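One structure is given here, and the rest of the page talks about it.
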Amino acid sequence: MMTAPSSNHIVRHFREVLFWPVQLMPLTDGSKAQHHWELLEQGGESDSWRKLKDRFQSDELDFEERHYKEFVTFLPYVQRFIYGESHSQICHAANDPLGKSAIRIFRRRGVSALRLVLREGEAPVTLTVEHIELWFFDDVNVAFLKVELSANDLLFSKVCDLLYRFGRAYPTGWDKEGHGKHNVHLAEWLSADGTVLAMSDSDNQEKFLSYTRKHRSPGISAHWDFLLRPLVLDPSEESGVLRYRQIEYHRMPLMAFLAVDDPRGLSRENWLRLGLVATLHPDEALPVHDPDVAGFESRYCFDRFWTDTESGPNTRFLCTGRAFIVVGDACEEYFHDPMRGILSQFRHQYVLLFMIAHFHRASLLVFSDRMVDAVHDLDIRLAQSISRFRRRVYAGFEAFLRFTHRYWFHELSERPHVQTLYRLCSEHLGNDGLYQEVKEELKDMSQYLDSNAQRQQSTTIVRLTVVTVFSMVGTVASGLLGMNLIAEAEAPIPVRLVYFFVTVLVTTLFMLLAILKSKQLSDVMDVLADDQKSLRARMDLLGKAWQRGPTKP
């Protein structure tokens with residue numbers, strides 16, 4: 001196997017942001033909370049998660065220029081999604097509540113650093129933990145674990161290896177030595193004083209094999225399981241009200257910021273390995289005939305701010321959907337300015353852009369999973385199963401309708417580069433195709449329910465018509481009592497009551513018989529109404545139809 005050439009370029013400042021989408025399971029009936037974040041909020045000050053205050057409503061938090069620039073980047077309906085809205089106190093109606101942000105963010109405390117051993121025998125790399133957050137969303141049972149890390153002065157080849165290996169929820173296999181493939185050799189979360197809080201266990205092959213065999217679901221590595229607590233993996237037998245499932249691939253979507261001394265000096269292979277870091281192994285020979293490699297610049301590079309000149313700017317964006325990477329010149333002050341520069345935009349505007357694209361995908365996958373589960377549980381032979389299926393489909397349709405009108409949009413910003421990057425990310429994730437697929441699934445299910453309801457309604461109308469026709473006989477017969485056929489008008493009341501109840505009983509029995517035999521009677525009426533056959537032929541068919549009983553619908 002050909003080994004990728006090493007790069008001596010130094011990454012002066014490195015940032016990585018991981019987004020891990022998970023599906024939240026419905027809360028148990030014993031829980032008094034209506035939302036998952038309400039339970040997490042009940043943990044109090046002693047809990048590891050703390051809800052972040054709304055910067056727009058809290059006087060304790062500063063509102064700086066970078067927050068303002070982040071806000072005005074997006075279009076108004078995106079602003080309402082992310083930040084909420086307010087109304088004029090003059091014209092605001094009392095029955096129209098103020099629109100809060102659709103996002104609830106909790107930040108984890110107590111984890112200060114991450115120590116990684118990328119490969120066995122290598123020196124560890126320590127990264128600073130900037131933030132660990134858990135994002136919840138209204139109306140959609142999806143949450144994101146967001147982890148932001150930083151480090152200085154790393155080799156470019158080391159950064160590529162780190163981006164490829166770190167951020168995997170579980171190992172996909174093991175090598176001959178029993179080490180997890182594609183994973184870091186060891187990952188440790190550290191507290192402020194250097195205490196190891198949790199470490200990875202990708203080498204524990206028996207744990208993952210037994211868990212998958214027992215629960216038909218892959219387990220989660222111990223260091224990721226630790227971060228999500230008190231959330232627990234749903235198939236497991238652990239107790240916990242807050243439960244989650246994995247949504248898709250074990251590889252977490254990643255963002256990276258690299259400030260390099262001389263980005264113009266990076267070779268095309270360096271760019272390829274960095275841009276395709278989510279799929280291309282660092283030790284794998286470059287697949288030169290792969291379409292992703294051949295069309296890399298046109299498909300995955302956004303070079304509006306890349307001039308390849310000494311005067312600059314030389315900032316390049318790489319976006320494959322799974323990965324969003326920004327590379328620029330470390331000597332350019334604006335690039336790594338944390339307040340007004342590209343670094344500030346990366347941590348705010350671009351993080352939200354990337355999050356929204358993956359939120360769309362995760363939500364659509366959850367909708368699809370709910371519909372598949374509803375169909376799987378459907379048994380058309382049982383009325384109770386059909387009724388439950390109808391309720392689940394209608395609930396899913398309502399949730400999808402709210403998602404469409406509240407969260408689904410194609411235009412994110414009027415700034416050309418922001419909109420282009422969002423469209424690029426969304427297209428590579430296939431969000432439009434996935435949306436149409438889910439929409440068609442819901443449409444097919446809705447049509448099935450409508451046709452089933454119409455069929456049942458038609459059957460009911462036919463039977464009611466038959467019952468009405470044959471009940472006319474009883475009606476006419478009972479009407480004879482009013483023709484003095486039985487002259488008991490002057491009879492004592494008890495006698496007249498006897499006649500009345502006998503007539504009612506006979507008429508009721510006749511109607512019940514007509515209902516029980518409504519299908520056969522309907523077949524009889526169809527045979528008699530067929531004027532294309534002779535009377536004798538119709539009588540023969542009538543006898544055969546009555547003998548074999550009603551036809552099944």
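Just so we're on the same page: first chain in the structure tokens is A, next is B, and so on; residues restart at 1 for each chain, and ligands are numbered from 1 in the order they show up.
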
>> Please extract the residues of stretch 223-439 of chain A with a backbone DSSP assignment of strand (DSSP E or B) and present them as a PyMOL selection string.
In response: chain A and resi 232-233+243-246+251+254-260+301-302+306+314+316-319+323-329

>> List as JSON, numbers by chain the protein and nucleic acid residues near A:Leu114, meaning an atom at most 8 Å away when only C-alpha atoms are counted, but skip any in the same chain fewer than 2 places from it.
In response: {"A": [112, 116, 126, 127, 128, 129, 187, 188, 189, 190]}

For stretch 205-308 of chain A against stretch 321-334 of chain A, with a cut-off of 8 Å and counting only C-alpha atoms, what is the closest atom pair and its distance in Å to one decimal for every residue that makes the cut, ordered by chain and number, as CSV?
residue,atom,partner,partner_atom,distance
A:Met252,CA,A:Arg322,CA,7.9
A:Pro253,CA,A:Arg322,CA,4.9
A:Leu254,CA,A:Ala323,CA,5.0
A:Met255,CA,A:Phe324,CA,4.7
A:Ala256,CA,A:Ile325,CA,4.7
A:Phe257,CA,A:Val326,CA,4.9
A:Leu258,CA,A:Val327,CA,4.8
A:Ala259,CA,A:Ala330,CA,4.5
A:Val260,CA,A:Ala330,CA,5.0
A:Asp261,CA,A:Ala330,CA,5.1
A:Asp262,CA,A:Asp329,CA,6.0
A:Pro263,CA,A:Asp329,CA,5.9
A:Gly275,CA,A:Ile325,CA,7.1
A:Leu276,CA,A:Ala323,CA,7.8
A:Val277,CA,A:Ala323,CA,7.7
A:Ala278,CA,A:Ala323,CA,6.5

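Compared by their closest atoms to A:Tyr435, and using only C-alpha atoms, the residues A:Leu378, A:Ala453, A:Leu401, A:Met25 rank with A:Leu401 nearest.
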
So that I can see what lies close to stretch 167-182 of chain A, please list as a JSON list (two decimals) with N, CA and C atoms, in the first residue's frame the residues with an atom at most 6 Å from it, counting only C-alpha atoms and leaving out residues fewer than 5 positions away in the same chain.
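Output (selection-v7.json):
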[["chain", "number", "residue", "atom", "x", "y", "z"],
["A", 202, "SER", "N", -12.47, 1.53, 22.36],
["A", 202, "SER", "CA", -12.66, 0.92, 21.05],
["A", 202, "SER", "C", -11.96, -0.43, 20.93],
["A", 203, "ASP", "N", -11.01, -0.72, 21.83],
["A", 203, "ASP", "CA", -10.33, -2.02, 21.81],
["A", 203, "ASP", "C", -11.16, -3.12, 22.45],
["A", 220, "ILE", "N", -22.08, 2.36, 21.91],
["A", 220, "ILE", "CA", -21.42, 3.66, 21.85],
["A", 220, "ILE", "C", -20.12, 3.58, 22.65],
["A", 221, "SER", "N", -19.07, 4.15, 22.10],
["A", 221, "SER", "CA", -17.79, 4.17, 22.83],
["A", 221, "SER", "C", -17.95, 4.92, 24.15],
["A", 250, "HIS", "N", -21.89, 6.32, 11.74],
["A", 250, "HIS", "CA", -21.19, 6.54, 13.02],
["A", 250, "HIS", "C", -20.21, 7.70, 12.95],
["A", 251, "ARG", "N", -19.84, 8.13, 11.74],
["A", 251, "ARG", "CA", -18.90, 9.23, 11.56],
["A", 251, "ARG", "C", -19.62, 10.55, 11.75],
["A", 252, "MET", "N", -19.21, 11.32, 12.73],
["A", 252, "MET", "CA", -19.88, 12.58, 13.05],
["A", 252, "MET", "C", -19.51, 13.66, 12.03]]

>> DSSP on the backbone: which residues in stretch 296-498 of chain A end up as alpha helix (DSSP H)? Give the answer as a ChimeraX atom specification.
In response: /A:296-300,342-345,351-376,383-406,416-429,431-479,493-498

>> Env of A:Val22: 7 Å cut, atoms = only C-alpha atoms, seq-sep filter 4 positions within chain, self excluded. Answer as a list in words.
In response: Val142, Ala143, Phe144, Tyr244, Arg245, Gln246 and Ile247 of chain A

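You will find atom CA of A:Phe510 at 11.3 Å from atom CA of A:Thr468.
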
>> Give me the residues near A:Phe354 as a ChimeraX atom specification, where near means some atom within 12 Å (using only C-alpha atoms) and where sequence neighbours in that chain fewer than 4 positions away do not count.
In response: /A:17-20,144,146,253-256,319-325,346-350,358-361,412,418-419,421-426,428-429

Taking N, CA, C and O atoms for each residue, export the selection above as a compact mmCIF listing (two decimals), in the first residue's frame.
# COMPACT_ATOMS: atom_id res chain seq x y z
N VAL A 17 -14.99 21.44 15.10
CA VAL A 17 -16.34 21.41 15.66
C VAL A 17 -17.03 20.15 15.15
O VAL A 17 -17.11 19.93 13.94
N LEU A 18 -17.49 19.33 16.08
CA LEU A 18 -18.20 18.10 15.74
C LEU A 18 -19.68 18.27 16.07
O LEU A 18 -20.03 18.79 17.14
N PHE A 19 -20.53 17.85 15.16
CA PHE A 19 -21.98 17.82 15.39
C PHE A 19 -22.44 16.37 15.30
O PHE A 19 -22.28 15.74 14.25
N TRP A 20 -23.00 15.86 16.39
CA TRP A 20 -23.50 14.49 16.39
C TRP A 20 -25.02 14.52 16.56
O TRP A 20 -25.52 14.76 17.64
N PHE A 144 -28.57 17.66 18.98
CA PHE A 144 -27.20 17.67 18.47
C PHE A 144 -26.23 17.81 19.64
O PHE A 144 -26.39 18.71 20.48
N LYS A 146 -22.71 19.05 20.31
CA LYS A 146 -21.72 19.91 19.64
C LYS A 146 -20.47 19.99 20.50
O LYS A 146 -20.53 20.35 21.68
N PRO A 253 -20.46 14.44 11.57
CA PRO A 253 -20.15 15.58 10.70
C PRO A 253 -19.17 16.52 11.39
O PRO A 253 -19.29 16.78 12.60
N LEU A 254 -18.22 17.05 10.64
CA LEU A 254 -17.16 17.84 11.26
C LEU A 254 -16.94 19.14 10.51
O LEU A 254 -17.15 19.25 9.30
N MET A 255 -16.49 20.14 11.27
CA MET A 255 -16.02 21.40 10.74
C MET A 255 -14.59 21.62 11.25
O MET A 255 -14.26 21.20 12.36
N ALA A 256 -13.78 22.28 10.43
CA ALA A 256 -12.40 22.53 10.85
C ALA A 256 -11.93 23.87 10.33
O ALA A 256 -12.31 24.30 9.23
N CYS A 319 -16.06 21.92 1.13
CA CYS A 319 -17.33 21.43 1.66
C CYS A 319 -17.75 20.18 0.91
O CYS A 319 -18.00 20.23 -0.30
N THR A 320 -17.83 19.07 1.63
CA THR A 320 -18.31 17.81 1.05
C THR A 320 -19.64 17.38 1.65
O THR A 320 -20.10 16.28 1.35
N GLY A 321 -20.24 18.21 2.45
CA GLY A 321 -21.48 17.82 3.15
C GLY A 321 -21.15 17.25 4.51
O GLY A 321 -21.61 17.75 5.54
N ARG A 322 -20.37 16.20 4.53
CA ARG A 322 -19.93 15.61 5.80
C ARG A 322 -18.87 16.45 6.49
O ARG A 322 -18.74 16.42 7.71
N ALA A 323 -18.11 17.18 5.71
CA ALA A 323 -17.03 18.00 6.26
C ALA A 323 -17.10 19.41 5.68
O ALA A 323 -17.41 19.59 4.50
N PHE A 324 -16.81 20.38 6.53
CA PHE A 324 -16.78 21.80 6.15
C PHE A 324 -15.48 22.36 6.71
O PHE A 324 -15.33 22.45 7.94
N ILE A 325 -14.54 22.70 5.83
CA ILE A 325 -13.20 23.06 6.28
C ILE A 325 -12.80 24.40 5.67
O ILE A 325 -13.02 24.65 4.48
N PHE A 346 -16.46 31.71 11.32
CA PHE A 346 -16.46 30.24 11.38
C PHE A 346 -17.19 29.74 12.62
O PHE A 346 -17.99 28.80 12.54
N ARG A 347 -16.95 30.37 13.76
CA ARG A 347 -17.53 29.90 15.02
C ARG A 347 -19.00 30.29 15.16
O ARG A 347 -19.68 29.73 16.03
N HIS A 348 -19.48 31.20 14.34
CA HIS A 348 -20.85 31.67 14.50
C HIS A 348 -21.68 31.44 13.24
O HIS A 348 -22.51 30.55 13.19
N GLN A 349 -21.46 32.23 12.18
CA GLN A 349 -22.28 32.10 10.98
C GLN A 349 -22.14 30.72 10.33
O GLN A 349 -23.13 30.08 10.00
N TYR A 350 -20.89 30.26 10.15
CA TYR A 350 -20.69 29.01 9.43
C TYR A 350 -21.11 27.80 10.26
O TYR A 350 -21.58 26.79 9.71
N HIS A 358 -27.51 20.02 8.42
CA HIS A 358 -27.55 18.68 9.02
C HIS A 358 -28.81 18.49 9.87
O HIS A 358 -29.28 17.35 10.02
N PHE A 359 -29.35 19.57 10.40
CA PHE A 359 -30.64 19.47 11.10
C PHE A 359 -31.73 19.05 10.13
O PHE A 359 -32.59 18.22 10.45
N HIS A 360 -31.73 19.63 8.93
CA HIS A 360 -32.69 19.22 7.91
C HIS A 360 -32.57 17.74 7.62
O HIS A 360 -33.58 17.01 7.59
N ARG A 361 -31.36 17.28 7.39
CA ARG A 361 -31.17 15.86 7.05
C ARG A 361 -31.58 14.95 8.19
O ARG A 361 -32.28 13.95 7.99
N LEU A 412 -30.98 30.91 2.67
CA LEU A 412 -30.55 31.13 4.05
C LEU A 412 -30.12 32.57 4.29
O LEU A 412 -30.37 33.13 5.35
N VAL A 418 -22.34 33.05 1.72
CA VAL A 418 -23.04 32.25 2.73
C VAL A 418 -24.08 31.37 2.06
O VAL A 418 -24.19 30.17 2.36
N GLN A 419 -24.84 31.94 1.14
CA GLN A 419 -25.88 31.17 0.45
C GLN A 419 -25.26 30.07 -0.41
O GLN A 419 -25.78 28.94 -0.46
N LEU A 421 -22.37 28.51 0.05
CA LEU A 421 -21.85 27.45 0.92
C LEU A 421 -22.98 26.60 1.50
O LEU A 421 -22.86 25.38 1.61
N TYR A 422 -24.08 27.25 1.86
CA TYR A 422 -25.23 26.49 2.37
C TYR A 422 -25.81 25.58 1.29
O TYR A 422 -26.11 24.41 1.55
N ARG A 423 -25.96 26.10 0.09
CA ARG A 423 -26.49 25.29 -1.00
C ARG A 423 -25.55 24.13 -1.32
O ARG A 423 -25.99 23.00 -1.57
N LEU A 424 -24.25 24.40 -1.28
CA LEU A 424 -23.26 23.36 -1.55
C LEU A 424 -23.36 22.24 -0.52
O LEU A 424 -23.36 21.05 -0.86
N CYS A 425 -23.47 22.62 0.74
CA CYS A 425 -23.57 21.63 1.82
C CYS A 425 -24.87 20.83 1.70
O CYS A 425 -24.88 19.60 1.82
N SER A 426 -25.96 21.52 1.45
CA SER A 426 -27.26 20.86 1.36
C SER A 426 -27.33 19.91 0.16
O SER A 426 -27.88 18.81 0.25
N HIS A 428 -24.78 18.33 -1.32
CA HIS A 428 -23.96 17.14 -1.09
C HIS A 428 -24.62 16.18 -0.10
O HIS A 428 -24.41 14.97 -0.16
N LEU A 429 -25.43 16.72 0.81
CA LEU A 429 -26.16 15.86 1.74
C LEU A 429 -27.42 15.25 1.11
O LEU A 429 -28.00 14.32 1.68

> Which one of A:Glu122, A:Val111, A:Tyr164, A:Trp49 sits closest to A:Glu148 if you count only C-alpha atoms?
Replying inline: A:Val111

>> Nearest residue to A:Phe136 out of A:Gly430, A:Pro230, A:Gly396, A:Pro21, using only C-alpha atoms?
In response: A:Pro21
